[in-house]
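Trainee: Please find one structure pasted underneath; my questions will follow.
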Amino acid sequence: MTASHAVARRVLALLAGYAIATPILAVPLIATGSVALAIATAGAAQGAAVIYTVAGNGEPGYAASAGSSTDAPLGQPDALAIDPAGGWYVANAASCTVQHVSSGGGLATVAGDGTCGNAGSGTATAISMSIPRSIAAGGSRLFVAEPDLCEVVSLSASGTIQTIAGNGTCGYSGDGGPATSAELDQPMGLAVTSTGNLFIADTGNCVVREVTASGTIQTVAGNGTCGYSGDGGPATSAELDSPEGLAVTSTGNLFIADTGNDRVRSVNLQPSAPAVTSLSPDAGPESGGTPVTVTGEGFTGATAVSFGGEQVPFTVVSDSEMLLATPADPQASSSGGGPSVTQVTVTTPDGTSSATAGSSFAYLAKGPYVPLTPARICDTRPGNPSGLSGEAAQCNGSGNAGEPLIGGSTLD
């Protein structure tokens with residue numbers, strides 16, 4: 001099975017936008033290692049799966065353009081992307097080109113001259129590209145990953161191509177700076193957001209990186225060590241193993257084909273602030289020192305916990321639980337006021353939790369001092385056998401509780 005077969009099966013969803021009929025996602029797209037692209041659709045009348053060839057004539061080769069995409073030879077179609085403006089793109093590994101199929105079915109080369117080489121910059125159809133392994137379209141640009149050159153290039157609407165990530169040296173460096181000064185290592189997968197941010201599966205470095213619309217690069221998943229770890233924690237502390245495929249949703253979820261781990265991982269790119277749902281116990285003395293279990297969500301990476309504005313030490317048990325001890329009532333200590341109801345807030349890099357009924361802690365006041373009158377034991381037995389003297393010997397039970405005690409004694 002060639003790489004093109006595998007890629008084609010993964011991208012049926014991308015071709016769902018091709019206006020033939022309703023796509024049946026359960027039926028795999030067929031893209032033979034040589035010559036054709038096909039799409040499975042639902043027949044409107046029968047409701048059965050129907051397949052059509054939409055590009056390629058069954059012969060390997062390269063044609064710069066064709067009036068009908070099904071009349072043109074293709075050379076190992078390896079990646080696909082939907083054009084937001086209409087039609088779709090196909091990357092041909094054998095001819096080192098990217099071609100566009102219009103909504104009317106015409107085919108035209110948009111990048112590469114049909115020979116494989118070092119892309120560089122300039123008019124896109126006049127240069128020799130390296131093998132394009134992944135493509136992604138967003139806004140008015142088409143992005144192409146060239147793993148053999150450790151670079152990602154961008155094709156503009158005007159037909160010029162330029163490097164937008166990677167400096168031509170394979171390695172791992174450059175986070176926080178210009179993407180064109182950074183080192184990549186065999187970038188294999190691409191995904192682009194509606195705002196123009198590009199995600200790159202930096203396969204050889206076992207990380208996923210993001211290039212912002214302003215051109216800055218940063219790592220968003222993986223710590224640079226190939227392996228498997230980190231679920232439930234910060235994405236940049238996790239280990240990935242040769243990630244190759246990417247997809248990003250409009251709601252900010254990034255999906256990663258963690259190829260070497262035989263898994264698909266997900267990263268929430270728009271995390272929410274932590275939330276406190278309950279405290280146990282939710283009340284204690286104003287002097288502080290009450291052990292409290294805080295439950296909620298989003299506690300991983302917590303940087304501070306506050307009782308009415310006063311920060312306290314804490315221990316994160318899990319993303320949904322932490323332990324701490326209450327301080328003295330901040331209101332009583334700062335203003336001399338009485339006991340208060342205080343909000344407990346948790347802060348992480350994603351924000352600070354909001355006040356809710358479940359995040360309230362009530363400080364309890366000490367009651368007023370009431371001296372206790374000690375009870376007297378009166379021996380009321382005849383002859384005072386206990387030998388009590390003074391008041392104890394004279395009490396006769398008058399005004400006492402009248403409850404019998406040991407040996408006939410009563411509680412006064």
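Ordered as shown in the structure tokens, chains take letters A, B, and onward, while each chain numbers its residues from 1 and ligands are numbered from 1 in the order shown.
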Fewer than 4 positions away in the same chain doesn't count, so skip those; otherwise give me all residues within 10 Å of Ala191 (chain A), counting only C-alpha atoms, as a ChimeraX atom specification.
Mentor: /A:81,134-138,143,196-201,210,245-249,254-255
Trainee: If we count only C-alpha atoms and set the cut-off at 7 Å, which residues sit around region 97-114 of chain A, ignoring sequence neighbours fewer than 2 positions away in its own chain? Please answer as a ChimeraX atom specification.
Mentor: /A:62,64-69,86-92,95,116,124-129
Trainee: Can I get the selection written as a PDB file, in the first residue's frame, with N, CA and C atoms?
Mentor:
ATOM      1  N   TYR A  62       2.356  13.853 -16.196  1.00  0.00           N
ATOM      2  CA  TYR A  62       2.134  15.236 -15.792  1.00  0.00           C
ATOM      3  C   TYR A  62       1.678  16.047 -16.994  1.00  0.00           C
ATOM      4  N   ALA A  64       0.507  20.146 -17.585  1.00  0.00           N
ATOM      5  CA  ALA A  64       0.446  21.441 -16.916  1.00  0.00           C
ATOM      6  C   ALA A  64      -0.985  21.922 -16.755  1.00  0.00           C
ATOM      7  N   SER A  65      -1.867  21.550 -17.669  1.00  0.00           N
ATOM      8  CA  SER A  65      -3.263  21.956 -17.591  1.00  0.00           C
ATOM      9  C   SER A  65      -4.105  21.021 -18.442  1.00  0.00           C
ATOM     10  N   ALA A  66      -5.396  21.080 -18.220  1.00  0.00           N
ATOM     11  CA  ALA A  66      -6.332  20.277 -19.003  1.00  0.00           C
ATOM     12  C   ALA A  66      -7.713  20.870 -18.854  1.00  0.00           C
ATOM     13  N   GLY A  67      -8.465  20.818 -19.955  1.00  0.00           N
ATOM     14  CA  GLY A  67      -9.824  21.335 -19.890  1.00  0.00           C
ATOM     15  C   GLY A  67     -10.706  20.528 -18.975  1.00  0.00           C
ATOM     16  N   SER A  68     -10.408  19.262 -18.868  1.00  0.00           N
ATOM     17  CA  SER A  68     -11.141  18.383 -17.957  1.00  0.00           C
ATOM     18  C   SER A  68     -10.132  17.627 -17.111  1.00  0.00           C
ATOM     19  N   SER A  69     -10.303  17.681 -15.803  1.00  0.00           N
ATOM     20  CA  SER A  69      -9.345  17.045 -14.905  1.00  0.00           C
ATOM     21  C   SER A  69      -9.277  15.533 -15.110  1.00  0.00           C
ATOM     22  N   GLY A  86     -13.518  27.896  -4.062  1.00  0.00           N
ATOM     23  CA  GLY A  86     -14.150  26.991  -5.007  1.00  0.00           C
ATOM     24  C   GLY A  86     -13.150  26.022  -5.605  1.00  0.00           C
ATOM     25  N   GLY A  87     -13.552  24.779  -5.798  1.00  0.00           N
ATOM     26  CA  GLY A  87     -12.662  23.754  -6.318  1.00  0.00           C
ATOM     27  C   GLY A  87     -11.784  23.165  -5.228  1.00  0.00           C
ATOM     28  N   TRP A  88     -10.694  22.537  -5.651  1.00  0.00           N
ATOM     29  CA  TRP A  88      -9.803  21.898  -4.684  1.00  0.00           C
ATOM     30  C   TRP A  88      -8.411  21.736  -5.283  1.00  0.00           C
ATOM     31  N   TYR A  89      -7.449  21.419  -4.418  1.00  0.00           N
ATOM     32  CA  TYR A  89      -6.054  21.273  -4.820  1.00  0.00           C
ATOM     33  C   TYR A  89      -5.611  19.827  -4.650  1.00  0.00           C
ATOM     34  N   VAL A  90      -4.680  19.403  -5.498  1.00  0.00           N
ATOM     35  CA  VAL A  90      -4.073  18.088  -5.368  1.00  0.00           C
ATOM     36  C   VAL A  90      -2.558  18.239  -5.485  1.00  0.00           C
ATOM     37  N   ALA A  91      -1.830  17.616  -4.563  1.00  0.00           N
ATOM     38  CA  ALA A  91      -0.372  17.617  -4.601  1.00  0.00           C
ATOM     39  C   ALA A  91       0.098  16.316  -5.235  1.00  0.00           C
ATOM     40  N   ASN A  92       0.930  16.416  -6.268  1.00  0.00           N
ATOM     41  CA  ASN A  92       1.445  15.255  -6.990  1.00  0.00           C
ATOM     42  C   ASN A  92       2.893  15.004  -6.602  1.00  0.00           C
ATOM     43  N   SER A  95       5.506  14.323  -9.797  1.00  0.00           N
ATOM     44  CA  SER A  95       5.872  15.474 -10.627  1.00  0.00           C
ATOM     45  C   SER A  95       6.258  16.690  -9.803  1.00  0.00           C
ATOM     46  N   CYS A 116      11.511  17.982 -10.034  1.00  0.00           N
ATOM     47  CA  CYS A 116      11.721  18.042  -8.583  1.00  0.00           C
ATOM     48  C   CYS A 116      13.058  18.720  -8.284  1.00  0.00           C
ATOM     49  N   ALA A 124       5.473  30.793  -8.944  1.00  0.00           N
ATOM     50  CA  ALA A 124       5.262  29.431  -8.461  1.00  0.00           C
ATOM     51  C   ALA A 124       5.377  28.385  -9.552  1.00  0.00           C
ATOM     52  N   THR A 125       4.897  28.675 -10.738  1.00  0.00           N
ATOM     53  CA  THR A 125       4.903  27.668 -11.804  1.00  0.00           C
ATOM     54  C   THR A 125       6.218  27.614 -12.561  1.00  0.00           C
ATOM     55  N   ALA A 126       7.163  28.445 -12.174  1.00  0.00           N
ATOM     56  CA  ALA A 126       8.435  28.486 -12.889  1.00  0.00           C
ATOM     57  C   ALA A 126       9.573  27.880 -12.078  1.00  0.00           C
ATOM     58  N   ILE A 127       9.296  27.327 -10.911  1.00  0.00           N
ATOM     59  CA  ILE A 127      10.357  26.805 -10.063  1.00  0.00           C
ATOM     60  C   ILE A 127      10.196  25.305  -9.885  1.00  0.00           C
ATOM     61  N   SER A 128      11.297  24.654  -9.508  1.00  0.00           N
ATOM     62  CA  SER A 128      11.285  23.221  -9.222  1.00  0.00           C
ATOM     63  C   SER A 128      11.042  23.023  -7.735  1.00  0.00           C
ATOM     64  N   MET A 129       9.930  22.396  -7.420  1.00  0.00           N
ATOM     65  CA  MET A 129       9.601  22.147  -6.020  1.00  0.00           C
ATOM     66  C   MET A 129      10.181  20.822  -5.557  1.00  0.00           C
TER      67      MET A 129
END
Trainee: Between A:Ala325, A:Ala182, A:Ala94, A:Ala304, which residue has the minimum interatomic distance to Thr352 (chain A), considering only C-alpha atoms?
Mentor: A:Ala304
Trainee: One number please: CA of Thr293 (chain A) to CA of Thr347 (chain A), in Å, one decimal.
Mentor: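 It comes out at 16.2 Å.
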Trainee: Which of region 59-134 of chain A end up as strand (DSSP E or B) when DSSP is run on this backbone - answer as a ChimeraX atom specification?
Mentor: /A:60,65-66,74,77-82,88-92,97-101,107-111,116,122-123,129,134
Trainee: Ranking A:Pro243, A:Glu183, A:Pro285, A:Ala79 by minimum distance to Val144 (chain A) and counting only C-alpha atoms, which one comes first?
Mentor: A:Ala79
Trainee: Let me make sure I understand: among A:Ser242, A:Thr160, A:Thr315, A:Ser320, which one has the smallest atom-to-atom distance to Thr259 (chain A) if we use only C-alpha atoms?
Mentor: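 The closest residue to Thr259 (chain A) is A:Ser242.
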Trainee: Near region 228-232 of chain A, within 12 Å and counting only C-alpha atoms, which residues show up once chain neighbours fewer than 6 positions away are dropped, as number ranges by chain?
Mentor: A: 206-207, 221-222, 238-243, 258-268, 297-301, 318-320
Trainee: Output C-alpha atoms of each residue in that selection to a file, as an mmCIF file, in the first residue's frame.
Mentor:
data_model
loop_
_atom_site.group_PDB
_atom_site.id
_atom_site.type_symbol
_atom_site.label_atom_id
_atom_site.label_comp_id
_atom_site.auth_asym_id
_atom_site.auth_seq_id
_atom_site.Cartn_x
_atom_site.Cartn_y
_atom_site.Cartn_z
ATOM 1 C CA CYS A 206 7.872 15.091 17.567
ATOM 2 C CA VAL A 207 6.090 18.410 18.099
ATOM 3 C CA ALA A 221 2.121 20.448 21.468
ATOM 4 C CA GLY A 222 4.981 18.143 22.364
ATOM 5 C CA ALA A 238 3.393 16.007 26.580
ATOM 6 C CA GLU A 239 5.367 13.585 24.445
ATOM 7 C CA LEU A 240 4.356 12.832 20.849
ATOM 8 C CA ASP A 241 5.877 10.332 18.451
ATOM 9 C CA SER A 242 6.282 11.351 14.805
ATOM 10 C CA PRO A 243 2.994 13.234 14.376
ATOM 11 C CA ASP A 258 0.198 10.794 16.703
ATOM 12 C CA THR A 259 1.496 8.309 14.168
ATOM 13 C CA GLY A 260 4.234 6.624 16.161
ATOM 14 C CA ASN A 261 1.896 6.084 19.110
ATOM 15 C CA ASP A 262 -0.994 4.734 17.008
ATOM 16 C CA ARG A 263 -3.258 7.357 18.545
ATOM 17 C CA VAL A 264 -5.095 10.562 17.733
ATOM 18 C CA ARG A 265 -4.599 13.325 20.305
ATOM 19 C CA SER A 266 -6.636 16.494 20.814
ATOM 20 C CA VAL A 267 -5.531 19.916 22.043
ATOM 21 C CA ASN A 268 -7.979 22.606 23.117
ATOM 22 C CA GLU A 297 -12.165 21.676 36.788
ATOM 23 C CA GLY A 298 -9.164 23.206 35.065
ATOM 24 C CA PHE A 299 -6.841 23.109 38.077
ATOM 25 C CA THR A 300 -3.845 21.720 36.179
ATOM 26 C CA GLY A 301 -1.067 24.300 36.123
ATOM 27 C CA SER A 318 -5.761 16.365 39.826
ATOM 28 C CA ASP A 319 -7.338 18.625 37.242
ATOM 29 C CA SER A 320 -10.538 18.520 39.318
#
Trainee: Using DSSP on the backbone, list every residue of region 154-242 of chain A that comes out as helix (DSSP H, G or I), and give them as a PyMOL selection string.
Mentor: chain A and resi 179-181+203-205+235-237
Trainee: Please produce an output containing N, CA, C and O atoms for each residue in the selection, written as a short mmCIF file (atom, residue, chain, number, x, y, z; two decimals), in the first residue's frame.
Mentor:
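The new file selection_17.cif reads:
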data_model
loop_
_atom_site.label_atom_id
_atom_site.label_comp_id
_atom_site.auth_asym_id
_atom_site.auth_seq_id
_atom_site.Cartn_x
_atom_site.Cartn_y
_atom_site.Cartn_z
N ALA A 179 9.27 32.74 11.92
CA ALA A 179 9.19 31.35 11.48
C ALA A 179 10.24 31.03 10.42
O ALA A 179 10.72 29.90 10.34
N THR A 180 10.61 32.01 9.62
CA THR A 180 11.59 31.77 8.56
C THR A 180 13.02 31.64 9.10
O THR A 180 13.93 31.27 8.36
N SER A 181 13.22 31.97 10.38
CA SER A 181 14.54 31.80 11.00
C SER A 181 14.60 30.52 11.82
O SER A 181 15.67 30.16 12.33
N THR A 203 7.31 16.65 12.22
CA THR A 203 7.35 15.21 12.48
C THR A 203 8.67 14.76 13.09
O THR A 203 8.70 14.00 14.06
N GLY A 204 9.79 15.20 12.52
CA GLY A 204 11.08 14.75 13.02
C GLY A 204 11.40 15.24 14.41
O GLY A 204 12.21 14.62 15.12
N ASN A 205 10.76 16.32 14.84
CA ASN A 205 10.98 16.85 16.19
C ASN A 205 9.94 16.37 17.18
O ASN A 205 10.00 16.72 18.36
N ALA A 235 -0.24 20.75 26.91
CA ALA A 235 0.14 20.10 25.65
C ALA A 235 1.63 20.18 25.39
O ALA A 235 2.23 19.27 24.82
N THR A 236 2.26 21.27 25.81
CA THR A 236 3.69 21.43 25.56
C THR A 236 4.56 20.63 26.52
O THR A 236 5.78 20.60 26.37
N SER A 237 3.94 19.98 27.50
CA SER A 237 4.68 19.08 28.39
C SER A 237 4.52 17.62 27.99
O SER A 237 5.16 16.75 28.56
#
